[in-house]
Amino acid sequence: MSYPDMRPRRLRRNAAMRRLVEETRVAPAELVLPMFVKEGLAEPRPVASLPGVVQHSRDSLRKAAVEAVRAGIGGIMLFGVPATRDETGSGGIDPDGILNVAIRDVVAEIGDSTVVMSDLCLDEFTSHGHCGLLTPGGEVDNDATLTAYAEMAVAQAAAGVGVVGPSGMMDGQVGVVRRALDAAGYQDVAILAYAAKYASAFYGPFRDAVESALEGDRRSYQQSPANLRESLREVELDVAEGADMVMVKPALPYLDVVAAVRDRVDVPVAAYQVSGEYAMVEAAAANGWLDRDRVMLETLTSIRRAGAQVILTYWAVEAARLLRAGY
């Protein structure tokens with residue numbers, strides 16, 4: 001059958017019909033809010049390249065976590081910005097380092113009301129800005145870095161985190177973290193593996209948010225934007241090592257990767273709508289070039305449609321409110 005017998009527009013004729021047959025829906029519980037906390041701040045500090053995003057003080061972080069719970073989002077991902085850094089990123093392992101303190105603060109404030117996650121990487125804590133320890137020649141030492149990740153994971157678990165997010169793209173990181181957590185008695189702490197993390201130009205504003213001290217680039221350990229099959233191998237290795245969830249980062253430029261990963265694995269798939277994706281929309285909206293709220297929800301829907309059931313986005317709270325209002 002064909003036109004005039006077949007008329008697909010019948011299912012688009014009004015809002016109620018479109019809602020009835022909608023194939024993909026984004027739920028607030030699928031959204032995770034990345035949050036930054038900076039050591040020593042007395043009040044939140046705006047991030048110029050991320051309009052609406054701030055570096056939190058400990059006090060404002062607690063309040064924002066409560067606000068996130070009230071919005072109904074599924075989780076928060078914490079990043080620490082220390083006052084001082086060193087070559088080994090020791091502040092990430094120190095129980096009194098800003099990230100571990102922030103985990104304790106948030107867990108004490110909201111308990112299990114939403115999932116508290118933490119970034120497990122050294123880049124925010126190293127004076128050189130790389131995700132791992134360096135050899136004397138300046139290369140990232142994969143195996144020495146794994147030892148630091150294991151210690152960092154146990155420190156975060158001891159602080160009360162529910163999910164650790166190893167994001168450094170070191171070979172073997174998931175297995176090492178899983179064994180360290182289990183050996184320390186934290187078998188219930190889950191791992192969200194940054195399994196396909198690309199060496200992307202979309203991370204620029206994030207580096208402002210964490211005051212990155214990066215020297216050089218991360219192409220020797222993050223994925224090439226040209227490669228899909230290699231990323232699927234990375235994902236399969238992480239699942240084999242014990243990842244409870246896997247992530248693709250960034251999201252929008254890599255929707256084909258999200259879809260391929262969803263087809264390949266049977267664990268939950270996450271995608272991180274990174275700072276550059278967010279900032280582009282905010283900049284265009286500020287210039288009156290597009291409808292901000294519609295584009296916000298359209299981008300989230302596209303990520304969900306590609307197969308991600310968990311989406312990290314700086315719009316998490318705002319999007320959740322719009323969704324709950326039936327926007």
# chains A, B, ... in the order shown; residues from 1 in each chain; ligands from 1

call {"tool": "residues_around", "arguments": {"residues": "Met245 of chain A", "least_positions_apart": "4", "cutoff": "6 Å", "atoms": "only C-alpha atoms", "output": "number ranges by chain"}}
result
A: 192, 267-269

call {"tool": "select_by_dssp", "arguments": {"residues": "segment 41-256 of chain A", "states": "strand (DSSP E or B)", "output": "VMD selection string"}}
result
chain A and resid 45 to 46 54 to 56 75 to 81 86 115 to 120 126 134 140 163 to 166 190 to 198 223 245 to 249

call {"tool": "closest_residue", "arguments": {"among": "A:Leu255, A:Met117, A:Ala226, A:Leu78", "to": "Tyr198 of chain A", "atoms": "only C-alpha atoms"}}
result
A:Ala226

call {"tool": "select_by_dssp", "arguments": {"residues": "segment 67-272 of chain A", "states": "helix (DSSP H, G or I)", "output": "ChimeraX atom specification"}}
result
/A:67-71,90-92,98-110,142-159,173-183,201-209,229-241,252-264

call {"tool": "residues_around", "arguments": {"residues": "Leu146 of chain A", "least_positions_apart": "2", "cutoff": "12 Å", "atoms": "only C-alpha atoms", "output": "ChimeraX atom specification"}}
result
/A:120-122,131-133,140-144,148-153,166-180

call {"tool": "residues_around", "arguments": {"residues": "Gly326 of chain A", "least_positions_apart": "4", "cutoff": "12 Å", "atoms": "only C-alpha atoms", "output": "PyMOL selection string"}}
result
chain A and resi 15-16+19+25-28+297+319-322

call {"tool": "write_last_selection", "arguments": {"atoms": "N, CA and C atoms", "output": "CSV table (one decimal), in the first residue's frame"}}
result
chain,number,residue,atom,x,y,z
A,15,ALA,N,-0.5,17.1,19.4
A,15,ALA,CA,0.5,16.8,20.4
A,15,ALA,C,0.2,15.5,21.1
A,16,ALA,N,-1.1,15.2,21.4
A,16,ALA,CA,-1.4,14.0,22.1
A,16,ALA,C,-1.0,12.7,21.3
A,19,ARG,N,2.8,12.3,21.2
A,19,ARG,CA,3.2,11.8,22.5
A,19,ARG,C,3.0,10.3,22.6
A,25,ARG,N,12.2,8.5,24.7
A,25,ARG,CA,12.0,9.4,25.8
A,25,ARG,C,13.2,9.6,26.7
A,26,VAL,N,13.4,10.7,27.1
A,26,VAL,CA,14.5,11.0,28.1
A,26,VAL,C,13.8,11.2,29.4
A,27,ALA,N,14.3,10.5,30.4
A,27,ALA,CA,13.8,10.6,31.8
A,27,ALA,C,14.8,11.3,32.7
A,28,PRO,N,14.3,12.1,33.6
A,28,PRO,CA,15.2,12.8,34.6
A,28,PRO,C,16.2,11.8,35.3
A,297,LEU,N,16.9,19.8,24.7
A,297,LEU,CA,16.2,18.5,24.8
A,297,LEU,C,16.4,17.7,23.5
A,319,ALA,N,17.2,20.4,32.5
A,319,ALA,CA,16.5,19.5,31.6
A,319,ALA,C,15.5,18.6,32.3
A,320,ALA,N,15.8,18.2,33.5
A,320,ALA,CA,14.9,17.4,34.3
A,320,ALA,C,13.7,18.2,34.7
A,321,ARG,N,13.8,19.4,35.0
A,321,ARG,CA,12.6,20.3,35.3
A,321,ARG,C,11.8,20.5,34.1
A,322,LEU,N,12.4,20.7,32.9
A,322,LEU,CA,11.6,20.8,31.7
A,322,LEU,C,10.9,19.5,31.4

call {"tool": "closest_residue", "arguments": {"among": "A:Gln222, A:Thr88, A:Thr126, A:Ser302", "to": "Thr147 of chain A", "atoms": "only C-alpha atoms"}}
result
A:Thr88

call {"tool": "closest_residue", "arguments": {"among": "A:Ala195, A:Met17, A:Leu214, A:Met6", "to": "Glu234 of chain A", "atoms": "only C-alpha atoms"}}
result
A:Ala195

call {"tool": "closest_atom_pairs", "arguments": {"of": "segment 89-208 of chain A", "to": "segment 42-48 of chain A", "cutoff": "12 Å", "atoms": "only C-alpha atoms", "output": "JSON lines"}}
result
{"residue": "A:Gly204", "atom": "CA", "partner": "A:Ala48", "partner_atom": "CA", "distance": 11.7}
{"residue": "A:Pro205", "atom": "CA", "partner": "A:Val47", "partner_atom": "CA", "distance": 8.2}
{"residue": "A:Phe206", "atom": "CA", "partner": "A:Val47", "partner_atom": "CA", "distance": 9.0}
{"residue": "A:Arg207", "atom": "CA", "partner": "A:Val47", "partner_atom": "CA", "distance": 10.2}
{"residue": "A:Asp208", "atom": "CA", "partner": "A:Val47", "partner_atom": "CA", "distance": 7.0}

call {"tool": "closest_residue", "arguments": {"among": "A:Ala158, A:Val116, A:Leu323, A:Val261", "to": "Pro95 of chain A", "atoms": "only C-alpha atoms"}}
result
A:Ala158
